[in-house]
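As provided, work04.pdb (PDB, C-alpha atoms and all ligand atoms) reads as follows.
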```
ATOM      1  CA  MET R   4       0.000   0.000   0.000  1.00  0.00           C
ATOM      2  CA  ILE R   5       1.382   3.412  -0.938  1.00  0.00           C
ATOM      3  CA  TRP R   6       0.783   5.876   1.899  1.00  0.00           C
ATOM      4  CA  GLY R   7      -1.851   8.456   0.986  1.00  0.00           C
ATOM      5  CA  GLU R   8      -3.308   6.330  -1.821  1.00  0.00           C
ATOM      6  CA  MET R   9      -6.621   4.523  -1.398  1.00  0.00           C
ATOM      7  CA  PRO R  10      -5.878   0.798  -0.935  1.00  0.00           C
ATOM      8  CA  GLU R  11      -7.847  -1.787  -2.902  1.00  0.00           C
ATOM      9  CA  LEU R  12      -9.914  -3.711  -0.370  1.00  0.00           C
ATOM     10  CA  LYS R  13     -11.590  -7.090  -0.638  1.00  0.00           C
ATOM     11  CA  LEU R  14     -13.289  -8.696   2.365  1.00  0.00           C
ATOM     12  CA  PHE R  15     -13.976 -12.442   2.455  1.00  0.00           C
ATOM     13  CA  VAL R  16     -17.365 -12.946   4.094  1.00  0.00           C
ATOM     14  CA  ALA R  17     -20.134 -15.430   4.817  1.00  0.00           C
ATOM     15  CA  PRO R  18     -23.680 -14.602   5.982  1.00  0.00           C
ATOM     16  CA  ASN R  19     -24.383 -14.601   9.731  1.00  0.00           C
ATOM     17  CA  THR R  20     -20.692 -14.855  10.594  1.00  0.00           C
ATOM     18  CA  CYS R  21     -18.424 -12.436  12.439  1.00  0.00           C
ATOM     19  CA  ALA R  22     -17.417 -11.083   9.007  1.00  0.00           C
ATOM     20  CA  ARG R  23     -20.453  -8.850   9.563  1.00  0.00           C
ATOM     21  CA  VAL R  24     -18.356  -6.770  11.980  1.00  0.00           C
ATOM     22  CA  PRO R  25     -15.712  -5.551   9.480  1.00  0.00           C
ATOM     23  CA  THR R  26     -18.456  -5.234   6.841  1.00  0.00           C
ATOM     24  CA  ILE R  27     -20.217  -2.747   9.134  1.00  0.00           C
ATOM     25  CA  ALA R  28     -16.885  -1.024   9.818  1.00  0.00           C
ATOM     26  CA  LEU R  29     -16.166  -0.640   6.087  1.00  0.00           C
ATOM     27  CA  GLU R  30     -19.671   0.673   5.448  1.00  0.00           C
ATOM     28  CA  GLU R  31     -19.245   3.181   8.298  1.00  0.00           C
ATOM     29  CA  ILE R  32     -15.934   4.324   6.763  1.00  0.00           C
ATOM     30  CA  GLY R  33     -17.626   4.694   3.379  1.00  0.00           C
ATOM     31  CA  VAL R  34     -14.583   3.521   1.413  1.00  0.00           C
ATOM     32  CA  PRO R  35     -15.105   1.425  -1.749  1.00  0.00           C
ATOM     33  CA  PHE R  36     -14.646  -2.292  -1.083  1.00  0.00           C
ATOM     34  CA  ASP R  37     -15.551  -5.638  -2.606  1.00  0.00           C
ATOM     35  CA  THR R  38     -16.776  -8.670  -0.765  1.00  0.00           C
ATOM     36  CA  GLU R  39     -16.172 -12.266  -1.777  1.00  0.00           C
ATOM     37  CA  LEU R  40     -18.577 -14.919  -0.564  1.00  0.00           C
ATOM     38  CA  VAL R  41     -17.005 -17.970   1.078  1.00  0.00           C
ATOM     39  CA  ARG R  42     -19.378 -20.942   1.012  1.00  0.00           C
ATOM     40  CA  THR R  43     -18.642 -22.192   4.528  1.00  0.00           C
ATOM     41  CA  ALA R  44     -21.404 -24.849   4.504  1.00  0.00           C
ATOM     42  CA  ALA R  45     -19.718 -26.342   1.426  1.00  0.00           C
ATOM     43  CA  GLY R  46     -16.304 -26.206   3.124  1.00  0.00           C
ATOM     44  CA  GLN R  47     -14.821 -23.553   0.813  1.00  0.00           C
ATOM     45  CA  GLN R  48     -12.915 -22.037   3.755  1.00  0.00           C
ATOM     46  CA  LYS R  49     -10.793 -25.216   3.923  1.00  0.00           C
ATOM     47  CA  THR R  50      -9.845 -25.341   0.223  1.00  0.00           C
ATOM     48  CA  PRO R  51      -6.148 -24.866  -0.677  1.00  0.00           C
ATOM     49  CA  GLU R  52      -7.063 -21.679  -2.527  1.00  0.00           C
ATOM     50  CA  TYR R  53      -8.739 -20.051   0.475  1.00  0.00           C
ATOM     51  CA  LEU R  54      -6.136 -21.371   2.930  1.00  0.00           C
ATOM     52  CA  LYS R  55      -3.600 -19.244   1.024  1.00  0.00           C
ATOM     53  CA  VAL R  56      -5.675 -16.224   2.095  1.00  0.00           C
ATOM     54  CA  ASN R  57      -6.326 -17.451   5.648  1.00  0.00           C
ATOM     55  CA  PRO R  58      -4.427 -20.603   6.717  1.00  0.00           C
ATOM     56  CA  LYS R  59      -6.840 -20.839   9.696  1.00  0.00           C
ATOM     57  CA  GLY R  60      -9.732 -21.501   7.307  1.00  0.00           C
ATOM     58  CA  LYS R  61     -11.975 -18.794   8.724  1.00  0.00           C
ATOM     59  CA  VAL R  62     -13.758 -15.632   7.675  1.00  0.00           C
ATOM     60  CA  PRO R  63     -13.237 -12.727   7.772  1.00  0.00           C
ATOM     61  CA  ALA R  64     -10.045 -12.056   5.862  1.00  0.00           C
ATOM     62  CA  LEU R  65      -9.243  -8.695   4.320  1.00  0.00           C
ATOM     63  CA  LEU R  66      -7.112  -8.373   1.195  1.00  0.00           C
ATOM     64  CA  ILE R  67      -5.319  -5.023   1.231  1.00  0.00           C
ATOM     65  CA  ASP R  68      -3.886  -4.410  -2.242  1.00  0.00           C
ATOM     66  CA  GLY R  69      -3.841  -8.213  -2.557  1.00  0.00           C
ATOM     67  CA  GLU R  70      -2.125  -8.823   0.820  1.00  0.00           C
ATOM     68  CA  PRO R  71      -4.190 -10.730   3.401  1.00  0.00           C
ATOM     69  CA  LEU R  72      -4.920  -9.640   6.955  1.00  0.00           C
ATOM     70  CA  THR R  73      -6.864 -11.980   9.244  1.00  0.00           C
ATOM     71  CA  GLU R  74      -8.483 -11.796  12.692  1.00  0.00           C
ATOM     72  CA  ASN R  75     -11.156  -9.277  13.537  1.00  0.00           C
ATOM     73  CA  VAL R  76      -8.979  -7.584  16.171  1.00  0.00           C
ATOM     74  CA  ALA R  77      -6.268  -6.905  13.580  1.00  0.00           C
ATOM     75  CA  ILE R  78      -8.632  -6.035  10.712  1.00  0.00           C
ATOM     76  CA  LEU R  79     -10.654  -3.579  12.812  1.00  0.00           C
ATOM     77  CA  SER R  80      -7.492  -2.027  14.302  1.00  0.00           C
ATOM     78  CA  TRP R  81      -5.994  -1.621  10.819  1.00  0.00           C
ATOM     79  CA  LEU R  82      -9.177  -0.013   9.501  1.00  0.00           C
ATOM     80  CA  ASN R  83      -9.211   2.370  12.467  1.00  0.00           C
ATOM     81  CA  ALA R  84      -5.557   3.334  11.959  1.00  0.00           C
ATOM     82  CA  THR R  85      -5.908   3.690   8.178  1.00  0.00           C
ATOM     83  CA  PHE R  86      -9.164   5.657   8.203  1.00  0.00           C
ATOM     84  CA  PRO R  87      -8.910   7.752  11.396  1.00  0.00           C
ATOM     85  CA  ASP R  88     -11.618  10.188  10.281  1.00  0.00           C
ATOM     86  CA  ALA R  89     -14.198   7.388  10.483  1.00  0.00           C
ATOM     87  CA  ASN R  90     -13.751   7.240  14.293  1.00  0.00           C
ATOM     88  CA  LEU R  91     -14.147   3.469  14.455  1.00  0.00           C
ATOM     89  CA  LEU R  92     -12.574   3.814  17.907  1.00  0.00           C
ATOM     90  CA  PRO R  93     -12.497   6.930  20.106  1.00  0.00           C
ATOM     91  CA  LYS R  94      -9.433   9.034  19.256  1.00  0.00           C
ATOM     92  CA  THR R  95      -6.667   8.971  21.839  1.00  0.00           C
ATOM     93  CA  ASP R  96      -2.980   9.901  22.099  1.00  0.00           C
ATOM     94  CA  ASP R  97      -2.571   7.874  25.266  1.00  0.00           C
ATOM     95  CA  PRO R  98      -0.918   4.494  24.464  1.00  0.00           C
ATOM     96  CA  LEU R  99      -2.514   2.905  27.534  1.00  0.00           C
ATOM     97  CA  GLU R 100      -5.966   4.067  26.468  1.00  0.00           C
ATOM     98  CA  ALA R 101      -5.321   2.706  22.946  1.00  0.00           C
ATOM     99  CA  LEU R 102      -4.408  -0.661  24.467  1.00  0.00           C
ATOM    100  CA  ARG R 103      -7.612  -0.616  26.515  1.00  0.00           C
ATOM    101  CA  GLN R 104      -9.471  -0.335  23.202  1.00  0.00           C
ATOM    102  CA  THR R 105      -7.482  -3.324  21.914  1.00  0.00           C
ATOM    103  CA  ALA R 106      -8.457  -5.143  25.117  1.00  0.00           C
ATOM    104  CA  ASP R 107     -12.123  -4.399  24.360  1.00  0.00           C
ATOM    105  CA  LEU R 108     -11.754  -5.839  20.834  1.00  0.00           C
ATOM    106  CA  ALA R 109      -9.932  -8.873  22.245  1.00  0.00           C
ATOM    107  CA  PHE R 110     -12.703  -9.339  24.824  1.00  0.00           C
ATOM    108  CA  PHE R 111     -15.275  -9.679  22.032  1.00  0.00           C
ATOM    109  CA  SER R 112     -13.012 -11.858  19.907  1.00  0.00           C
ATOM    110  CA  ALA R 113     -11.575 -14.143  22.585  1.00  0.00           C
ATOM    111  CA  THR R 114     -14.218 -14.258  25.337  1.00  0.00           C
ATOM    112  CA  VAL R 115     -17.607 -13.443  23.819  1.00  0.00           C
ATOM    113  CA  HIS R 116     -17.187 -15.034  20.365  1.00  0.00           C
ATOM    114  CA  PRO R 117     -16.306 -18.543  21.689  1.00  0.00           C
ATOM    115  CA  LEU R 118     -19.490 -18.464  23.779  1.00  0.00           C
ATOM    116  CA  VAL R 119     -21.473 -17.389  20.706  1.00  0.00           C
ATOM    117  CA  THR R 120     -20.090 -20.453  18.923  1.00  0.00           C
ATOM    118  CA  ARG R 121     -21.260 -22.766  21.724  1.00  0.00           C
ATOM    119  CA  ILE R 122     -24.747 -21.280  21.530  1.00  0.00           C
ATOM    120  CA  ALA R 123     -25.097 -20.840  17.758  1.00  0.00           C
ATOM    121  CA  MET R 124     -22.937 -23.706  16.436  1.00  0.00           C
ATOM    122  CA  PRO R 125     -23.057 -26.381  19.194  1.00  0.00           C
ATOM    123  CA  LEU R 126     -22.443 -29.129  16.632  1.00  0.00           C
ATOM    124  CA  LYS R 127     -18.867 -27.854  16.314  1.00  0.00           C
ATOM    125  CA  PHE R 128     -18.147 -29.286  19.769  1.00  0.00           C
ATOM    126  CA  ILE R 129     -19.884 -32.660  19.737  1.00  0.00           C
ATOM    127  CA  GLU R 130     -21.009 -34.808  16.807  1.00  0.00           C
ATOM    128  CA  ASP R 131     -24.180 -36.061  18.487  1.00  0.00           C
ATOM    129  CA  LYS R 132     -26.863 -33.600  17.367  1.00  0.00           C
ATOM    130  CA  ALA R 133     -29.233 -34.191  20.277  1.00  0.00           C
ATOM    131  CA  LEU R 134     -26.441 -33.838  22.854  1.00  0.00           C
ATOM    132  CA  SER R 135     -25.098 -30.713  21.200  1.00  0.00           C
ATOM    133  CA  PHE R 136     -28.489 -29.001  21.610  1.00  0.00           C
ATOM    134  CA  GLU R 137     -29.173 -30.518  25.057  1.00  0.00           C
ATOM    135  CA  ILE R 138     -25.751 -29.932  26.614  1.00  0.00           C
ATOM    136  CA  VAL R 139     -23.403 -27.649  24.655  1.00  0.00           C
ATOM    137  CA  ARG R 140     -25.952 -24.916  23.857  1.00  0.00           C
ATOM    138  CA  PRO R 141     -27.424 -24.672  27.396  1.00  0.00           C
ATOM    139  CA  GLU R 142     -23.895 -24.549  28.870  1.00  0.00           C
ATOM    140  CA  GLY R 143     -23.064 -21.730  26.455  1.00  0.00           C
ATOM    141  CA  VAL R 144     -26.258 -19.872  27.388  1.00  0.00           C
ATOM    142  CA  LYS R 145     -25.392 -20.240  31.089  1.00  0.00           C
ATOM    143  CA  ALA R 146     -21.832 -18.973  30.603  1.00  0.00           C
ATOM    144  CA  MET R 147     -23.102 -16.060  28.487  1.00  0.00           C
ATOM    145  CA  GLN R 148     -25.405 -14.694  31.227  1.00  0.00           C
ATOM    146  CA  PRO R 149     -22.766 -12.810  33.295  1.00  0.00           C
ATOM    147  CA  VAL R 150     -21.127 -11.536  30.109  1.00  0.00           C
ATOM    148  CA  MET R 151     -24.383 -10.061  28.831  1.00  0.00           C
ATOM    149  CA  ARG R 152     -25.175  -8.751  32.351  1.00  0.00           C
ATOM    150  CA  MET R 153     -21.894  -6.835  32.362  1.00  0.00           C
ATOM    151  CA  ILE R 154     -22.532  -5.434  28.873  1.00  0.00           C
ATOM    152  CA  ASP R 155     -26.140  -4.491  29.686  1.00  0.00           C
ATOM    153  CA  ASP R 156     -24.985  -2.688  32.852  1.00  0.00           C
ATOM    154  CA  ARG R 157     -22.325  -0.859  30.866  1.00  0.00           C
ATOM    155  CA  LEU R 158     -24.926   0.335  28.333  1.00  0.00           C
ATOM    156  CA  ALA R 159     -27.003   1.868  31.147  1.00  0.00           C
ATOM    157  CA  ASP R 160     -24.514   4.795  31.127  1.00  0.00           C
ATOM    158  CA  GLY R 161     -24.986   5.652  27.443  1.00  0.00           C
ATOM    159  CA  PRO R 162     -26.393   4.151  24.290  1.00  0.00           C
ATOM    160  CA  TRP R 163     -23.039   2.844  22.990  1.00  0.00           C
ATOM    161  CA  TRP R 164     -20.115   0.769  24.305  1.00  0.00           C
ATOM    162  CA  TYR R 165     -18.139   4.010  24.753  1.00  0.00           C
ATOM    163  CA  GLY R 166     -21.077   6.028  26.115  1.00  0.00           C
ATOM    164  CA  ASP R 167     -22.187   8.732  23.699  1.00  0.00           C
ATOM    165  CA  THR R 168     -19.654   7.755  21.022  1.00  0.00           C
ATOM    166  CA  TRP R 169     -20.448   5.023  18.490  1.00  0.00           C
ATOM    167  CA  SER R 170     -17.549   2.635  17.820  1.00  0.00           C
ATOM    168  CA  VAL R 171     -16.882  -0.622  16.050  1.00  0.00           C
ATOM    169  CA  LEU R 172     -17.356  -2.374  19.408  1.00  0.00           C
ATOM    170  CA  ASP R 173     -21.039  -1.627  18.834  1.00  0.00           C
ATOM    171  CA  GLY R 174     -20.790  -3.496  15.531  1.00  0.00           C
ATOM    172  CA  TYR R 175     -19.288  -6.445  17.381  1.00  0.00           C
ATOM    173  CA  LEU R 176     -22.087  -6.435  19.976  1.00  0.00           C
ATOM    174  CA  TYR R 177     -24.657  -6.153  17.175  1.00  0.00           C
ATOM    175  CA  TRP R 178     -23.386  -9.331  15.530  1.00  0.00           C
ATOM    176  CA  VAL R 179     -23.174 -11.217  18.853  1.00  0.00           C
ATOM    177  CA  TRP R 180     -26.724 -10.257  19.824  1.00  0.00           C
ATOM    178  CA  SER R 181     -28.226 -11.159  16.407  1.00  0.00           C
ATOM    179  CA  ARG R 182     -26.447 -14.482  16.445  1.00  0.00           C
ATOM    180  CA  ILE R 183     -27.503 -15.615  19.928  1.00  0.00           C
ATOM    181  CA  THR R 184     -31.055 -14.261  19.932  1.00  0.00           C
ATOM    182  CA  GLY R 185     -31.459 -15.704  16.422  1.00  0.00           C
ATOM    183  CA  VAL R 186     -31.204 -19.174  17.952  1.00  0.00           C
ATOM    184  CA  GLY R 187     -33.436 -18.500  20.948  1.00  0.00           C
ATOM    185  CA  PHE R 188     -31.229 -16.781  23.583  1.00  0.00           C
ATOM    186  CA  ASP R 189     -33.725 -15.001  25.850  1.00  0.00           C
ATOM    187  CA  GLY R 190     -32.961 -11.275  25.698  1.00  0.00           C
ATOM    188  CA  ASP R 191     -35.700 -10.103  28.079  1.00  0.00           C
ATOM    189  CA  ALA R 192     -33.333  -9.535  31.011  1.00  0.00           C
ATOM    190  CA  PHE R 193     -31.103  -7.251  28.912  1.00  0.00           C
ATOM    191  CA  PRO R 194     -33.182  -4.190  27.921  1.00  0.00           C
ATOM    192  CA  ASN R 195     -30.168  -1.930  27.303  1.00  0.00           C
ATOM    193  CA  ILE R 196     -28.732  -4.363  24.769  1.00  0.00           C
ATOM    194  CA  GLN R 197     -32.163  -4.641  23.116  1.00  0.00           C
ATOM    195  CA  ARG R 198     -32.282  -0.840  22.818  1.00  0.00           C
ATOM    196  CA  HIS R 199     -28.719  -0.876  21.474  1.00  0.00           C
ATOM    197  CA  HIS R 200     -29.726  -3.432  18.836  1.00  0.00           C
ATOM    198  CA  ALA R 201     -32.715  -1.364  17.741  1.00  0.00           C
ATOM    199  CA  MET R 202     -30.488   1.733  17.424  1.00  0.00           C
ATOM    200  CA  MET R 203     -27.946  -0.219  15.393  1.00  0.00           C
ATOM    201  CA  ASN R 204     -30.718  -1.315  13.019  1.00  0.00           C
ATOM    202  CA  GLU R 205     -31.405   2.364  12.331  1.00  0.00           C
ATOM    203  CA  ARG R 206     -27.856   3.117  11.176  1.00  0.00           C
ATOM    204  CA  PRO R 207     -27.585   3.406   7.361  1.00  0.00           C
ATOM    205  CA  ALA R 208     -24.162   1.696   7.382  1.00  0.00           C
ATOM    206  CA  VAL R 209     -25.618  -1.285   9.236  1.00  0.00           C
ATOM    207  CA  GLN R 210     -28.504  -1.430   6.768  1.00  0.00           C
ATOM    208  CA  ARG R 211     -26.037  -1.410   3.856  1.00  0.00           C
ATOM    209  CA  ALA R 212     -23.979  -4.175   5.477  1.00  0.00           C
ATOM    210  CA  MET R 213     -27.106  -6.272   6.015  1.00  0.00           C
ATOM    211  CA  ALA R 214     -28.191  -5.662   2.407  1.00  0.00           C
ATOM    212  CA  ARG R 215     -24.819  -6.988   1.204  1.00  0.00           C
ATOM    213  CA  GLU R 216     -25.343 -10.036   3.421  1.00  0.00           C
ATOM    214  CA  ALA R 217     -28.865 -10.581   2.067  1.00  0.00           C
ATOM    215  CA  VAL R 218     -27.494 -10.766  -1.496  1.00  0.00           C
ATOM    216  CA  ASN R 219     -25.147 -13.549  -0.376  1.00  0.00           C
ATOM    217  CA  VAL R 220     -27.976 -15.365   1.428  1.00  0.00           C
ATOM    218  CA  ASP R 221     -29.924 -15.355  -1.853  1.00  0.00           C
ATOM    219  CA  ILE R 222     -26.912 -16.723  -3.744  1.00  0.00           C
ATOM    220  CA  LEU R 223     -26.453 -19.515  -1.206  1.00  0.00           C
ATOM    221  CA  LYS R 224     -30.169 -20.347  -1.246  1.00  0.00           C
ATOM    222  CA  ALA R 225     -30.148 -20.563  -5.042  1.00  0.00           C
ATOM    223  CA  GLU R 226     -27.129 -22.894  -4.876  1.00  0.00           C
ATOM    224  CA  GLY R 227     -28.638 -25.006  -2.074  1.00  0.00           C
ATOM    225  CA  HIS R 228     -25.775 -24.091   0.290  1.00  0.00           C
ATOM    226  CA  TYR R 229     -27.654 -21.898   2.780  1.00  0.00           C
ATOM    227  CA  VAL R 230     -27.853 -23.164   6.349  1.00  0.00           C
ATOM    228  CA  PRO R 231     -30.176 -20.869   8.327  1.00  0.00           C
ATOM    229  CA  PRO R 232     -29.510 -20.213  12.032  1.00  0.00           C
ATOM    230  CA  ARG R 233     -31.210 -22.966  14.067  1.00  0.00           C
TER     231      ARG R 233
HETATM  232  N1  LIG R 301     -10.741 -15.159  15.783  1.00  0.00           N
HETATM  233  C1  LIG R 301     -11.333 -15.093  14.463  1.00  0.00           C
HETATM  234  C2  LIG R 301     -12.558 -15.977  14.440  1.00  0.00           C
HETATM  235  C3  LIG R 301     -13.031 -16.248  13.041  1.00  0.00           C
HETATM  236  C4  LIG R 301     -14.137 -17.288  13.025  1.00  0.00           C
HETATM  237  O1  LIG R 301     -14.292 -18.100  13.946  1.00  0.00           O
HETATM  238  N2  LIG R 301     -14.917 -17.286  11.929  1.00  0.00           N
HETATM  239  C5  LIG R 301     -15.971 -18.248  11.766  1.00  0.00           C
HETATM  240  C6  LIG R 301     -17.289 -17.553  11.441  1.00  0.00           C
HETATM  241  S1  LIG R 301     -17.887 -16.528  12.769  1.00  0.00           S
HETATM  242  C7  LIG R 301     -15.649 -19.175  10.614  1.00  0.00           C
HETATM  243  O2  LIG R 301     -15.044 -18.786   9.637  1.00  0.00           O
HETATM  244  N3  LIG R 301     -16.092 -20.424  10.707  1.00  0.00           N
HETATM  245  C8  LIG R 301     -15.920 -21.385   9.664  1.00  0.00           C
HETATM  246  C9  LIG R 301     -15.279 -22.640  10.147  1.00  0.00           C
HETATM  247  O3  LIG R 301     -14.894 -22.692  11.334  1.00  0.00           O
HETATM  248  O4  LIG R 301     -15.165 -23.555   9.367  1.00  0.00           O
HETATM  249  C10 LIG R 301     -11.677 -13.637  14.140  1.00  0.00           C
HETATM  250  O5  LIG R 301     -12.065 -12.895  15.034  1.00  0.00           O
HETATM  251  O6  LIG R 301     -11.524 -13.213  12.978  1.00  0.00           O
END
```
This entry written out as structure tokens:
Amino acid sequence: MIWGEMPELKLFVAPNTCARVPTIALEEIGVPFDTELVRTAAGQQKTPEYLKVNPKGKVPALLIDGEPLTENVAILSWLNATFPDANLLPKTDDPLEALRQTADLAFFSATVHPLVTRIAMPLKFIEDKALSFEIVRPEGVKAMQPVMRMIDDRLADGPWWYGDTWSVLDGYLYWVWSRITGVGFDGDAFPNIQRHHAMMNERPAVQRAMAREAVNVDILKAEGHYVPPR
């Protein structure tokens, strides 16, 4: 990437996945970018071709002028550093404060996301379908309660993760909440997160990100590769 020039950006995505978070971030920035659908239900993320992009076989991956960057924490941090005017994270000159923002991203990636997987994709942990829904999912729901309690309490002080200031952490929470409530997580005890979700749905960038996702859902449905949340 030549400094000062607009990089060419391509994001590898799949519907309902955490690739929604950088999609929202890119839409908030307003920079031109392409998305490439990865057919995860057909195992495309494990093909030699895709493993060259992300050897971990996961979405998202961002190609920056053809060079891959993986992991939401890194992708979102790079987008924030490259497009500072978009305020994906609150501006700060304090290195400790900047690391606290990294800690917040890592919290969603390393603590919250694995619990989402237990709730939304329990079959990843145990082959027996009945047991996965009877044991893995309820354990995930139980472990998620204090996490959502903490987030709901935090949102009592302001509509967004950082109070009055929207940030990409709100995009992360948006994806988490859609994913778990989409498979029956009871959100009644978390009114601040529900309000947060409704406010996110009003944001034009979120609507554009969801419209991009809907196009990919239609493609997968037409190909017979779409697995709806269940
Ligand atoms: N730590 C990674 C997690 C990526 C991840 O788990 N992606 C999931 C979708 S949410 C995926 O690609 N799953 C496909 C698979 O595991 O085969 C990140 O934050 O980018």
- ligand LIG 301 (chain R): which residues are within 10 Å, counting only C-alpha atoms and all ligand atoms, as a PyMOL selection string? chain R and resi 15-25+41-49+57+59-64+72-79+108-109+111-113+116-117+119-120+123-124+127+175+178-179+182
- Task: Can you turn the PyMOL selection byres (((chain R and resi 82) around 10) and not hetatm) into a concrete residue list for this file, as a PyMOL selection string?
- Result: chain R and resi 25+28-29+32+77-81+83-87+89-92
- Find the spatial neighbours of R:Asn195, counting only C-alpha atoms, within a cut-off of 8 Å - ignore same-chain residues fewer than 6 positions away - and output them as a PyMOL selection string. chain R and resi 155-156+158-159+162
- Message: Translate the PyMOL selection byres (((chain R and resi 163) around 12) and not hetatm) into a concrete residue list for this structure, as a ChimeraX atom specification.
- Response: /R:92-93,154-162,164-177,195-203
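The two atoms in question, atom CA of R:Leu118 and atom CA of R:Val218, are spaced 27.6 Å apart.
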- R:Trp180 proximity check over R:Val115, R:Ile129, R:Met9, R:Ile138, using all atoms listed in the file: winner is R:Val115
- Option closest in space to R:Ile27, from R:Gln148, R:Gln104, R:Thr50, R:Asn204 [counting only C-alpha atoms]: R:Asn204
- Message: With distances taken over all atoms listed in the file, which residue among R:Leu223, R:Leu54, R:Ala214, R:Met151 lies nearest R:Ile183?
- Response: R:Met151
- Enter the distance from atom CA of R:Ala212 to atom CA of R:Pro51, in Å, rounded to one decimal.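 The value is 28.0 Å.
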- Item | Gap from atom CA of R:Ala225 to atom CA of R:Glu39 - Å, one decimal |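 Taking atom CA of R:Ala225 and atom CA of R:Glu39, their separation equals 16.6 Å.
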- Query: For R:Lys13, which residue among R:Glu52, R:Asp97, R:Glu216, R:Asp68 is the nearest when counting all atoms listed in the file?
  - Reply: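 Nearest candidate to R:Lys13 out of R:Glu52, R:Asp97, R:Glu216, R:Asp68: R:Asp68.
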- Query: Within 8 Å of (-35.1, -18.2, 15.9), in the coordinates the file gives, what residues turn up when you count all atoms listed in the file, written out as a PyMOL selection string?
  - Reply: chain R and resi 184-187+232-233
Grab stretch 82-93 of chain R from that structure and dump N, CA, C and O atoms to a file, as a PDB file, in the first residue's frame.
```pdb
ATOM      1  N   LEU R  82      -8.206  -0.953  10.106  1.00  0.00           N
ATOM      2  CA  LEU R  82      -9.177  -0.013   9.501  1.00  0.00           C
ATOM      3  C   LEU R  82      -9.214   1.286  10.298  1.00  0.00           C
ATOM      4  O   LEU R  82      -9.249   2.383   9.727  1.00  0.00           O
ATOM      5  N   ASN R  83      -9.169   1.169  11.632  1.00  0.00           N
ATOM      6  CA  ASN R  83      -9.211   2.370  12.467  1.00  0.00           C
ATOM      7  C   ASN R  83      -7.969   3.230  12.237  1.00  0.00           C
ATOM      8  O   ASN R  83      -8.063   4.455  12.111  1.00  0.00           O
ATOM      9  N   ALA R  84      -6.803   2.583  12.145  1.00  0.00           N
ATOM     10  CA  ALA R  84      -5.557   3.334  11.959  1.00  0.00           C
ATOM     11  C   ALA R  84      -5.476   3.943  10.562  1.00  0.00           C
ATOM     12  O   ALA R  84      -4.937   5.040  10.378  1.00  0.00           O
ATOM     13  N   THR R  85      -6.037   3.242   9.568  1.00  0.00           N
ATOM     14  CA  THR R  85      -5.908   3.690   8.178  1.00  0.00           C
ATOM     15  C   THR R  85      -6.940   4.760   7.825  1.00  0.00           C
ATOM     16  O   THR R  85      -6.686   5.622   6.969  1.00  0.00           O
ATOM     17  N   PHE R  86      -8.092   4.691   8.488  1.00  0.00           N
ATOM     18  CA  PHE R  86      -9.164   5.657   8.203  1.00  0.00           C
ATOM     19  C   PHE R  86      -9.563   6.355   9.509  1.00  0.00           C
ATOM     20  O   PHE R  86     -10.678   6.171  10.011  1.00  0.00           O
ATOM     21  N   PRO R  87      -8.657   7.168  10.063  1.00  0.00           N
ATOM     22  CA  PRO R  87      -8.910   7.752  11.396  1.00  0.00           C
ATOM     23  C   PRO R  87     -10.144   8.649  11.425  1.00  0.00           C
ATOM     24  O   PRO R  87     -10.795   8.754  12.476  1.00  0.00           O
ATOM     25  N   ASP R  88     -10.466   9.267  10.281  1.00  0.00           N
ATOM     26  CA  ASP R  88     -11.618  10.188  10.281  1.00  0.00           C
ATOM     27  C   ASP R  88     -12.940   9.461  10.506  1.00  0.00           C
ATOM     28  O   ASP R  88     -13.956  10.085  10.817  1.00  0.00           O
ATOM     29  N   ALA R  89     -12.945   8.135  10.305  1.00  0.00           N
ATOM     30  CA  ALA R  89     -14.198   7.388  10.483  1.00  0.00           C
ATOM     31  C   ALA R  89     -14.518   7.145  11.960  1.00  0.00           C
ATOM     32  O   ALA R  89     -15.631   6.720  12.282  1.00  0.00           O
ATOM     33  N   ASN R  90     -13.528   7.420  12.840  1.00  0.00           N
ATOM     34  CA  ASN R  90     -13.751   7.240  14.293  1.00  0.00           C
ATOM     35  C   ASN R  90     -14.318   5.858  14.634  1.00  0.00           C
ATOM     36  O   ASN R  90     -15.294   5.752  15.375  1.00  0.00           O
ATOM     37  N   LEU R  91     -13.701   4.829  14.093  1.00  0.00           N
ATOM     38  CA  LEU R  91     -14.147   3.469  14.455  1.00  0.00           C
ATOM     39  C   LEU R  91     -13.889   3.199  15.928  1.00  0.00           C
ATOM     40  O   LEU R  91     -14.573   2.384  16.552  1.00  0.00           O
ATOM     41  N   LEU R  92     -12.854   3.863  16.471  1.00  0.00           N
ATOM     42  CA  LEU R  92     -12.574   3.814  17.907  1.00  0.00           C
ATOM     43  C   LEU R  92     -12.377   5.260  18.363  1.00  0.00           C
ATOM     44  O   LEU R  92     -11.925   6.101  17.567  1.00  0.00           O
ATOM     45  N   PRO R  93     -12.707   5.549  19.637  1.00  0.00           N
ATOM     46  CA  PRO R  93     -12.497   6.930  20.106  1.00  0.00           C
ATOM     47  C   PRO R  93     -11.034   7.335  19.944  1.00  0.00           C
ATOM     48  O   PRO R  93     -10.135   6.549  20.228  1.00  0.00           O
TER      49      PRO R  93
END
```
